[in-house]
Structures are given as structure tokens and as C-alpha cells.
There are 2 protein chains.
Amino acid sequence: MSPNSSKPLREVIRPTTVIDAPRLSSRLGVDLTIVTETFQHTGSFKLRAAYNVASHIPQELIITASSGNFGQAMACACQLLAKSCIIVMPDTSARVKIEAVREYGGAVDLIDIRAQSRKARVGELSRQHPEAYVAGAFDDPLVIEGNASLGEEIAHLDCDFDVVVAPIGGGGLTSGLITGFRCAGKSVPVIAAEPLIGNDAARSFRAGHIIANEREPQTLADGARTLSVGEHNWPILKDGLTDIIAVTEQQIREAVRLLFSFANLKSEPTGALAVGAVLGNAERFHGQKACCVISGGNVDSDLFRELLG
Amino acid sequence: MSPNSSKPLREVIRPTTVIDAPRLSSRLGVDLTIVTETFQHTGSFKLRAAYNVASHIPQELIITASSGNFGQAMACACQLLAKSCIIVMPDTSARVKIEAVREYGGAVDLIDIRAQSRKARVGELSRQHPEAYVAGAFDDPLVIEGNASLGEEIAHLDCDFDVVVAPIGGGGLTSGLITGFRCAGKSVPVIAAEPLIGNDAARSFRAGHIIANEREPQTLADGARTLSVGEHNWPILKDGLTDIIAVTEQQIREAVRLLFSFANLKSEPTGALAVGAVLGNAERFHGQKACCVISGGNVDSDLFRELLG
């Protein structure tokens with residue numbers, strides 16, 4: 001991909017990858033279709049959001065805090081658009097994640113999170129660079145619009161899914177899917193899959209208003225280590241989600257293993273949440289035509305080895 | 001997939017999966033396109049061959065010896081065509097491979113290979129079932145024709161590759177690719193990637209006639225543990241291949257790791273041979289637009305963990 005500021009999202013994004021997995025289907029007792037973003041540029045769906053943000057704002061410099069997929073995606077988006085970005089990351093971040101951001105030309109700003117929070121550092125940088133745009137990974141209409149492109153792709157597959165299951169952290173992906181289905185004129189039940197030990201979205205959904213975790217949940221699903229869903233995501237989720245299913249850490253591990261063994265798919269723990277939700281609710285999903293969205297595949301080989309073991 | 005004897009190959013086969021991997025490209029110093037058959041039904045390109053054989057012969061019973069991908073593919077092909085098969089496998093085969101054949105409805109015939117060779121057992125079964133077709137995994141025009149479908153798919157991609165690199169064992173895949181390119185009217189240099197410790201194809205290519213290994217080479221690339229290329233494959237390979245590159249066991253391991261880390265791809269060791277060949281010949285491939293064919297992704301998690309370590 002070479003820098004080109006005029007390209008629309010659809011020309012930059014790799015169409016999602018659709019996999020039938022009959023052996024995994026029979027194990028789960030569902031008619032399963034896997035929609036995987038593990039081969040999206042930068043290895044996760046986040047490029048959809050990052051590119052949509054970076055291509056729609058006038059600012060030439062973007063600041064964001066992300067030790068994970070959004071940082072990498074934003075660095076790639078800025079490279080494509082010949083813009084600049086500063087990605088704030090804890091100095092304890094895995095070397096491979098820091099390298100990935102740098103390979104896409106992003107400036108990495110390492111902080112000691114015991115001494116300064118990411119939010120504080122982003123504020124500091126934003127005062128130093130008042131011309132910059134501060135980007136969030138989920139709570140932004142441009143993020144939702146970018147992720148809606150995946151919903152539209154799924155809606156245009158020649159499949160009538162009974163249900164679409166996708167991971168939830170801040171709600172950027174699921175609010176995008178709901179929006180994409182609406183744009184495509186399709187009514188498909190969307191169920192969010194959330195780590196049980198960080199079940200703020202499920203509690204919010206039941207209470208009817210946003211409830212936050214007290215601290216970042218230390219789930220294996222590092223893409224879902226959010227305090228709460230976003231203000232922009234919430235109204236879409238509240239009315240658009242069919243349900244939120246809690247997934248245990250053990251089910252996340254088992255889902256990663258099943259995807260590896262019976263679909264030849266490398267998934268990161270967050271990416272496996274939807275399969276974990278189906279795994280833990282066999283009766284509910286039995287016989288249904290279910291689409292599980294695998295959000296990304298970026299996982300260190302050491303952790304992956306441990307998950308397989 | 002439901003049984004239907006009338007379906008042509010192209011309607012049964014999953015189109016191959018094409019992945020750009022910019023981070024892997026920059027590491028290898030080539031403009032790399034990955035063409036992966038890891039998501040083909042049964043997890044390898046072998047279904048192309050197996051289905052083409054099973055759908056073109058009048059026999060209702062097929063016997064073959066395979067502890068690997070061809071057995072699983074033949075069981076699946078027979079299930080699709082409502083035919084029967086007996087797959088001869090060593091009783092030391094991994095439980096998951098035996099289970100895979102059985103899940104596709106194949107009859108598994110376990111033998112103690114210290115007491116009886118696979119060939120002898122296939123001969124015995126064929127005398128017991130004179131109505132059966134004895135299928136080989138590579139040395140058969142129907143196998144070559146089936147695998148040619150992958151060559152045609154690659155030829156029809158909108159890419160002008162400088163070179164296509166693919167694994168070689170018995171030569172079924174590479175002779176199929178050459179045939180497919182010819183059918184599509186494309187002239188693309190094809191380079192075969194072979195384990196160094198089983199380099200019969202390279203020695204044959206240099207000598208101008210088939211040379212066999214004395215015994216099955218114990219390479220990590222278990223799909224290339226063949227004694228020699230086939231009689232039907234040889235004339236196509238001799239005239240059609242540009243070269244054969246030897247790949248060390250260390251390069252196979254490194255290729256599996258690189259595909260995992262920089263392309264989010266789970267590959268079996270045989271599947272990683274083409275990337276291993278590029279890895280070991282940086283100067284030769286530098287700056288070229290190279291297509292690496294990943295032949296399959298079926299690898300036990302224990303072995304995969306060890307390869308990643």
C-alpha cells in the first residue's frame with residue numbers, strides 16, 4: 001500500500017475473510033461461519049476505524065494512547081495518508097507491538113504507567129501539540145462509521161444468519177456492526193461477547209445506563225480491558241444489541257484452541273470471544289446459523305504457546 | 001457441504017485465500033503475496049486432487065494409504081460424492097488425524113508398519129475388494145488435473161508475479177500449478193521448495209531423470225516425506241520447473257514462525273517450505289514480486305508449540 005490521501009475506506013481495507021469450518025461447526029453444534037479480520041492490514045479490524053478517523057479530519061498530527069491494535073492501525077492509517085502520529089504506550093509493552101507501530105512510521109512515546117497515566121500523558125502531549133487530533137479507539141462517531149464497513153460486508157454476504165456474535169470492549173466494533181447492518185437494510189440479531197471478569201457492558205445493558213468497571217479488568221482478552229463502553233457507542237448498543245454474553249477466561253482459552261485445531265485459525269484471545277460465547281451456551285445456539293466475528297489475530301507467540309498448552 | 005455427485009470441482013472447492021503481508025515482505029526483502037490453502041476444506045490443497053479423482057472414476061470404493069492430508073481429503077471427497085473409502089494409516093498416527101478421517105466418514109485401517117508396509121496392506125485390501133480404485137496422492141493425471149485448478153486461480157489473480165514458489169514432495173502440487181498456468185495461457189516461472197534432507201527432486205532435476213531417496217526422509221515437512229516424484233509428474237516438472245530450492249529444517253521452523261508472527265497465519269511445516277526457500281535465498285529473490293503457496297495448515301498443537309518456541 002502506498003500513501004494516497006484520496007482513497008476511500010473501501011479501497012484501502014482488505015475485504016474480510018469468510019471461512020466455513022464444518023469440523024468446528026459440528027463440535028459447537030451450530031452452523032458456523034467465521035468472519036475473520038486477522039488478515040486485515042495490521043492484523044485486526046481496527047484499521048477500518050483508524051483510517052476512517054484519519055482520513056476525515058483536517059489535522060495532520062494524531063495522538064492516541066494504545067498498547068494494542070488501535071495504535072498499530074493508526075500508525076498504518078497515517079502512513080497511508082502521509083500524516084503523522086504519536087502513539088503513547090506503556091514502557092512494559094511487548095517489544096513486537098512497539099516495533100509494529102514503528103514499522104508503520106508511528107512515533108512511539110513510552111511512559112512508565114506507575115508514574116503517569118496514559119490519559120495524563122496524552123493531555124500533556126496535546127498541550128504541547130495544540131494542532132493535533134486526539135483519537136480514541138472506540139468512543140467516536142468516525143470509529144463507529146469505519147467499523148460499520150464490516151457490518152455492511154457481512155450484510156452483503158449471501159448468508160441469512162440467525163445471529164451475529166462479536167467481541168465487546170468499548171463497543172466500537174459492535175456499534176459499528178449494528179450501524180452497518182442498518183445501512184445495508186438488514187435486520188440481524190447481534191450478540192456481544194464480553195469477558196466475565198470485565199462485564200461492565202452486560203451490567204450496563206441490564207441496568208439501562210452505562211456502568212464502569214472500577215479498574216481495568218485483567219482478562220486474557222486484552223482488547224476488552226476497557227473501563228466502560230463509550231458515550232457514542234452506548235445509545236446504539238442499548239437499542240441495537242440482542243444480548244451480551246459473559247465469557248470465562250477458560251472459555252476464551254478453549255475458543256483459541258478450537259479455532260486453531262478445527263479452523264486452522266490463529267486468533268488473539270479477544271478475537272476468540274465470540275466462539276467462547278457459543279461454546280458456553282450450547283443449548284441457546286444449537287442448530288442456528290451463526291456468524292462469529294474474529295476481531296484480530298495479533299498475539300505474542302509466548303502467550304499463544306501457553307494458550308495451546 | 002452436502003453430498004452431490006453432479007457438482008464440478010470448481011463448485012466444491014473453496015477459492016484459495018490471498019493475503020498481502022507487508023511486514024513479512026519487508027523482512028524477506030520481496031514483494032510477497034501469500035496464497036494459502038490452509039482454509040481449503042480439510043485444511044490443505046489436497047481436496048482439489050482427491051475430489052477430482054473420486055468424481056471422475058466409476059468405482060464406488062476407494063482405497064488409499066495416507067497418514068496425512070490426502071487421506072482426510074479423500075474421506076471428505078467420498079462423503080461429498082456418497083462414495084466409500086478405506087484409508088490405511090499407521091497405528092502410530094496422531095489421534096487427531098485418525099479422528100479427522102473418521103469425521104468425514106472414512107473407514108480407517110490401522111496397521112503396525114513394523115509388521116506390514118502400507119503398500120503391502122493396500123495390495124491386500126485391493127485383492128479383498130477387487131471392485132475398488134487404489135488412489136495415490138500425487139502420481140495420477142487426475143491428481144495433477146485437480147491441483148491445476150489452483151494454478152488457474154493464481155493465474156487469474158490480477159497480479160503479474162515474477163515467480164511462484166511452492167512445496168514439492170511427490171510433485172503433485174507443482175505439476176498441477178504448471179499445468180494450470182499453461183491452461184490459463186500464463187507463463188509464470190515456478191520454483192519448487194524441497195526439504196534439503198529429502199532432496200530427491202532437486203537431484204532428479206539436475207540429473208535429468210528420476211532419482212529416489214533410499215528411505216523416507218524424516219523432515220519436519222511431513223507432506224514431503226516421499227521417496228521420489230511420480231512418473232506422471234516428472235515430465236511436467238522436468239520441462240516446466242524453473243528450479244528446485246533446498247530448504248533446511250531450521251529454515252522450515254523459521255518460516256513457520258515468520259508466517260505466524262508477521263502474517264497471522266497458521267501453517268504446517270510443509271506449507272511453510274516456500275517461505276523457507278525465499279528466506280534462504282534473499283539475494284536471489286530481492287525486490288521480486290513473489291507468490292508463495294502455503295499448501296496446508298494441519299499441524300498438531302504440540303508440534304506447533306515446539307516450532308514457535
# chains A, B, ... in the order shown; residues from 1 in each chain; ligands from 1

call {"tool": "select_by_dssp", "arguments": {"residues": "stretch 57-165 of chain B", "states": "helix (DSSP H, G or I)", "output": "PyMOL selection string"}}
result
chain B and resi 69-81+95-103+118-128+141-156

call {"tool": "write_last_selection", "arguments": {"atoms": "N, CA and C atoms", "output": "short mmCIF file (atom, residue, chain, number, x, y, z; two decimals), in the first residue's frame"}}
result
data_model
loop_
_atom_site.label_atom_id
_atom_site.label_comp_id
_atom_site.auth_asym_id
_atom_site.auth_seq_id
_atom_site.Cartn_x
_atom_site.Cartn_y
_atom_site.Cartn_z
N ASN B 69 -2.69 -35.40 4.85
CA ASN B 69 -3.76 -34.60 4.28
C ASN B 69 -4.55 -35.28 3.17
N PHE B 70 -3.90 -36.18 2.42
CA PHE B 70 -4.63 -36.79 1.31
C PHE B 70 -5.72 -37.73 1.82
N GLY B 71 -5.44 -38.44 2.90
CA GLY B 71 -6.44 -39.35 3.47
C GLY B 71 -7.68 -38.58 3.91
N GLN B 72 -7.45 -37.49 4.62
CA GLN B 72 -8.55 -36.67 5.10
C GLN B 72 -9.34 -36.09 3.92
N ALA B 73 -8.60 -35.64 2.90
CA ALA B 73 -9.24 -35.05 1.73
C ALA B 73 -10.07 -36.10 0.98
N MET B 74 -9.52 -37.32 0.86
CA MET B 74 -10.25 -38.37 0.15
C MET B 74 -11.51 -38.76 0.92
N ALA B 75 -11.41 -38.80 2.24
CA ALA B 75 -12.60 -39.12 3.04
C ALA B 75 -13.67 -38.05 2.81
N CYS B 76 -13.26 -36.81 2.79
CA CYS B 76 -14.21 -35.71 2.56
C CYS B 76 -14.81 -35.78 1.16
N ALA B 77 -13.95 -36.04 0.16
CA ALA B 77 -14.42 -36.13 -1.23
C ALA B 77 -15.45 -37.25 -1.37
N CYS B 78 -15.16 -38.39 -0.75
CA CYS B 78 -16.09 -39.53 -0.83
C CYS B 78 -17.41 -39.21 -0.13
N GLN B 79 -17.31 -38.49 0.98
CA GLN B 79 -18.54 -38.09 1.67
C GLN B 79 -19.39 -37.20 0.76
N LEU B 80 -18.73 -36.27 0.07
CA LEU B 80 -19.45 -35.36 -0.82
C LEU B 80 -20.09 -36.09 -1.98
N LEU B 81 -19.45 -37.19 -2.41
CA LEU B 81 -19.92 -37.92 -3.59
C LEU B 81 -20.71 -39.17 -3.21
N ARG B 95 -3.76 -39.12 16.95
CA ARG B 95 -5.19 -39.37 17.19
C ARG B 95 -6.05 -38.37 16.41
N VAL B 96 -5.63 -37.12 16.37
CA VAL B 96 -6.42 -36.08 15.68
C VAL B 96 -6.55 -36.37 14.19
N LYS B 97 -5.52 -36.98 13.59
CA LYS B 97 -5.59 -37.28 12.16
C LYS B 97 -6.54 -38.44 11.90
N ILE B 98 -6.49 -39.43 12.77
CA ILE B 98 -7.42 -40.57 12.64
C ILE B 98 -8.86 -40.07 12.81
N GLU B 99 -9.06 -39.23 13.81
CA GLU B 99 -10.40 -38.68 14.06
C GLU B 99 -10.91 -37.88 12.87
N ALA B 100 -10.02 -37.11 12.25
CA ALA B 100 -10.43 -36.27 11.12
C ALA B 100 -10.97 -37.15 9.99
N VAL B 101 -10.26 -38.23 9.66
CA VAL B 101 -10.72 -39.14 8.60
C VAL B 101 -12.08 -39.72 8.97
N ARG B 102 -12.22 -40.15 10.22
CA ARG B 102 -13.49 -40.75 10.65
C ARG B 102 -14.63 -39.74 10.64
N GLU B 103 -14.34 -38.48 10.99
CA GLU B 103 -15.39 -37.45 10.98
C GLU B 103 -15.95 -37.25 9.58
N ARG B 118 2.69 -50.12 4.26
CA ARG B 118 1.43 -49.55 3.80
C ARG B 118 1.07 -50.10 2.42
N LYS B 119 2.10 -50.19 1.58
CA LYS B 119 1.88 -50.69 0.22
C LYS B 119 1.35 -52.12 0.24
N ALA B 120 1.95 -52.96 1.10
CA ALA B 120 1.51 -54.35 1.20
C ALA B 120 0.06 -54.42 1.67
N ARG B 121 -0.28 -53.57 2.64
CA ARG B 121 -1.65 -53.60 3.17
C ARG B 121 -2.64 -53.10 2.12
N VAL B 122 -2.26 -52.09 1.36
CA VAL B 122 -3.14 -51.60 0.29
C VAL B 122 -3.35 -52.72 -0.74
N GLY B 123 -2.27 -53.45 -1.08
CA GLY B 123 -2.37 -54.58 -2.01
C GLY B 123 -3.34 -55.65 -1.50
N GLU B 124 -3.22 -55.95 -0.23
CA GLU B 124 -4.08 -56.93 0.41
C GLU B 124 -5.55 -56.51 0.34
N LEU B 125 -5.80 -55.25 0.70
CA LEU B 125 -7.17 -54.73 0.67
C LEU B 125 -7.73 -54.70 -0.75
N SER B 126 -6.84 -54.41 -1.69
CA SER B 126 -7.28 -54.32 -3.07
C SER B 126 -7.64 -55.71 -3.63
N ARG B 127 -6.97 -56.75 -3.13
CA ARG B 127 -7.36 -58.12 -3.52
C ARG B 127 -8.69 -58.50 -2.87
N GLN B 128 -8.88 -58.03 -1.63
CA GLN B 128 -10.16 -58.31 -0.94
C GLN B 128 -11.32 -57.55 -1.59
N PRO B 141 -2.78 -38.66 -13.27
CA PRO B 141 -3.20 -37.49 -14.06
C PRO B 141 -4.40 -36.76 -13.47
N LEU B 142 -5.29 -37.49 -12.80
CA LEU B 142 -6.46 -36.84 -12.20
C LEU B 142 -6.06 -35.97 -11.00
N VAL B 143 -4.99 -36.38 -10.30
CA VAL B 143 -4.47 -35.57 -9.20
C VAL B 143 -3.90 -34.27 -9.76
N ILE B 144 -3.11 -34.39 -10.82
CA ILE B 144 -2.49 -33.21 -11.44
C ILE B 144 -3.57 -32.26 -11.95
N GLU B 145 -4.58 -32.83 -12.59
CA GLU B 145 -5.67 -32.01 -13.11
C GLU B 145 -6.42 -31.29 -12.00
N GLY B 146 -6.64 -31.99 -10.89
CA GLY B 146 -7.32 -31.36 -9.75
C GLY B 146 -6.51 -30.20 -9.20
N ASN B 147 -5.21 -30.43 -9.03
CA ASN B 147 -4.35 -29.38 -8.48
C ASN B 147 -4.14 -28.22 -9.47
N ALA B 148 -4.34 -28.52 -10.75
CA ALA B 148 -4.24 -27.45 -11.76
C ALA B 148 -5.24 -26.34 -11.50
N SER B 149 -6.34 -26.68 -10.81
CA SER B 149 -7.35 -25.64 -10.51
C SER B 149 -6.75 -24.52 -9.66
N LEU B 150 -5.77 -24.86 -8.82
CA LEU B 150 -5.11 -23.81 -8.01
C LEU B 150 -4.23 -22.93 -8.91
N GLY B 151 -3.53 -23.56 -9.86
CA GLY B 151 -2.73 -22.78 -10.80
C GLY B 151 -3.60 -21.82 -11.60
N GLU B 152 -4.75 -22.31 -12.02
CA GLU B 152 -5.65 -21.42 -12.77
C GLU B 152 -6.14 -20.26 -11.92
N GLU B 153 -6.44 -20.55 -10.66
CA GLU B 153 -6.87 -19.45 -9.77
C GLU B 153 -5.77 -18.40 -9.63
N ILE B 154 -4.54 -18.86 -9.43
CA ILE B 154 -3.42 -17.92 -9.27
C ILE B 154 -3.21 -17.13 -10.57
N ALA B 155 -3.33 -17.84 -11.70
CA ALA B 155 -3.16 -17.17 -12.99
C ALA B 155 -4.20 -16.08 -13.19
N HIS B 156 -5.39 -16.29 -12.65
CA HIS B 156 -6.46 -15.32 -12.85
C HIS B 156 -6.49 -14.20 -11.82
#

call {"tool": "interface_residues", "arguments": {"of": "chain A", "to": "chain B", "cutoff": "10 Å", "atoms": "only C-alpha atoms", "output": "PyMOL selection string"}}
result
chain A and resi 1+14+17-23+26+38-44+96+100+103-104+257+260-268+296-302+304-309

call {"tool": "atom_distance", "arguments": {"atom1": "atom CA of A:Ala272", "atom2": "atom CA of A:Thr174"}}
result
14.7 Å

call {"tool": "select_by_dssp", "arguments": {"residues": "stretch 34-276 of chain A", "states": "strand (DSSP E or B)", "output": "ChimeraX atom specification"}}
result
/A:34-36,44,61-65,84-90,107-111,133-134,163-167,190-195,241-247,265

call {"tool": "residues_around", "arguments": {"residues": "stretch 277-286 of chain B", "least_positions_apart": "6", "cutoff": "6 Å", "atoms": "only C-alpha atoms", "output": "list in words"}}
result
Gly29, Val30, Ala193 and Val247 of chain B

call {"tool": "residues_around", "arguments": {"residues": "A:Leu9", "least_positions_apart": "4", "cutoff": "8 Å", "atoms": "only C-alpha atoms", "output": "ChimeraX atom specification"}}
result
/A:13,48,51-52,146

call {"tool": "write_last_selection", "arguments": {"atoms": "all heavy atoms", "output": "PDB file, in the first residue's frame"}}
result
ATOM      1  N   ILE A  13      -9.212  -0.902   2.692  1.00  0.00           N
ATOM      2  CA  ILE A  13      -9.486  -2.056   3.550  1.00  0.00           C
ATOM      3  C   ILE A  13      -9.430  -3.348   2.750  1.00  0.00           C
ATOM      4  O   ILE A  13      -9.861  -3.403   1.609  1.00  0.00           O
ATOM      5  CB  ILE A  13     -10.908  -1.880   4.147  1.00  0.00           C
ATOM      6  CG1 ILE A  13     -10.892  -0.763   5.182  1.00  0.00           C
ATOM      7  CG2 ILE A  13     -11.436  -3.171   4.752  1.00  0.00           C
ATOM      8  CD1 ILE A  13      -9.938  -0.958   6.314  1.00  0.00           C
ATOM      9  N   ARG A  48     -10.086  -0.260  10.015  1.00  0.00           N
ATOM     10  CA  ARG A  48     -11.315   0.347   9.484  1.00  0.00           C
ATOM     11  C   ARG A  48     -11.613   1.657  10.216  1.00  0.00           C
ATOM     12  O   ARG A  48     -11.921   2.679   9.598  1.00  0.00           O
ATOM     13  CB  ARG A  48     -12.499  -0.621   9.642  1.00  0.00           C
ATOM     14  CG  ARG A  48     -12.331  -1.916   8.848  1.00  0.00           C
ATOM     15  CD  ARG A  48     -13.469  -2.903   9.153  1.00  0.00           C
ATOM     16  NE  ARG A  48     -13.243  -4.178   8.480  1.00  0.00           N
ATOM     17  CZ  ARG A  48     -13.728  -4.505   7.283  1.00  0.00           C
ATOM     18  NH1 ARG A  48     -14.491  -3.657   6.620  1.00  0.00           N
ATOM     19  NH2 ARG A  48     -13.462  -5.680   6.760  1.00  0.00           N
ATOM     20  N   TYR A  51      -8.451   4.364   9.915  1.00  0.00           N
ATOM     21  CA  TYR A  51      -8.377   5.029   8.609  1.00  0.00           C
ATOM     22  C   TYR A  51      -9.543   5.995   8.429  1.00  0.00           C
ATOM     23  O   TYR A  51      -9.392   7.080   7.867  1.00  0.00           O
ATOM     24  CB  TYR A  51      -8.349   4.000   7.475  1.00  0.00           C
ATOM     25  CG  TYR A  51      -8.088   4.645   6.128  1.00  0.00           C
ATOM     26  CD1 TYR A  51      -6.790   4.909   5.708  1.00  0.00           C
ATOM     27  CD2 TYR A  51      -9.133   5.010   5.286  1.00  0.00           C
ATOM     28  CE1 TYR A  51      -6.533   5.524   4.485  1.00  0.00           C
ATOM     29  CE2 TYR A  51      -8.896   5.620   4.063  1.00  0.00           C
ATOM     30  CZ  TYR A  51      -7.602   5.868   3.663  1.00  0.00           C
ATOM     31  OH  TYR A  51      -7.340   6.473   2.461  1.00  0.00           O
ATOM     32  N   ASN A  52     -10.710   5.584   8.913  1.00  0.00           N
ATOM     33  CA  ASN A  52     -11.873   6.469   8.758  1.00  0.00           C
ATOM     34  C   ASN A  52     -11.693   7.757   9.551  1.00  0.00           C
ATOM     35  O   ASN A  52     -12.046   8.837   9.079  1.00  0.00           O
ATOM     36  CB  ASN A  52     -13.152   5.749   9.197  1.00  0.00           C
ATOM     37  CG  ASN A  52     -14.393   6.368   8.582  1.00  0.00           C
ATOM     38  OD1 ASN A  52     -14.485   6.509   7.362  1.00  0.00           O
ATOM     39  ND2 ASN A  52     -15.337   6.770   9.425  1.00  0.00           N
ATOM     40  N   GLY A 146     -16.411   3.785  10.580  1.00  0.00           N
ATOM     41  CA  GLY A 146     -15.394   2.934   9.960  1.00  0.00           C
ATOM     42  C   GLY A 146     -15.702   1.461  10.172  1.00  0.00           C
ATOM     43  O   GLY A 146     -15.651   0.651   9.238  1.00  0.00           O
TER      44      GLY A 146
END

call {"tool": "residues_around", "arguments": {"residues": "A:Asp162", "least_positions_apart": "4", "cutoff": "10 Å", "atoms": "only C-alpha atoms", "output": "PyMOL selection string"}}
result
chain A and resi 31+187-190+285+287-291

call {"tool": "write_last_selection", "arguments": {"atoms": "C-alpha atoms", "output": "PDB file, in the first residue's frame"}}
result
ATOM      1  CA  ASP A  31     -23.924 -23.972  11.528  1.00  0.00           C
ATOM      2  CA  SER A 187     -32.081  -6.856  10.434  1.00  0.00           C
ATOM      3  CA  VAL A 188     -29.714  -9.342  12.050  1.00  0.00           C
ATOM      4  CA  PRO A 189     -29.639 -10.054  15.791  1.00  0.00           C
ATOM      5  CA  VAL A 190     -26.233  -9.017  17.166  1.00  0.00           C
ATOM      6  CA  PHE A 285     -27.176 -21.588  19.820  1.00  0.00           C
ATOM      7  CA  GLY A 287     -28.716 -25.629  15.219  1.00  0.00           C
ATOM      8  CA  GLN A 288     -28.541 -21.908  14.491  1.00  0.00           C
ATOM      9  CA  LYS A 289     -26.786 -20.353  11.524  1.00  0.00           C
ATOM     10  CA  ALA A 290     -24.294 -18.282  13.478  1.00  0.00           C
ATOM     11  CA  CYS A 291     -21.658 -15.842  12.291  1.00  0.00           C
TER      12      CYS A 291
END

call {"tool": "atom_distance", "arguments": {"atom1": "atom CA of A:Ile197", "atom2": "atom CA of A:Ser67"}}
result
20.3 Å
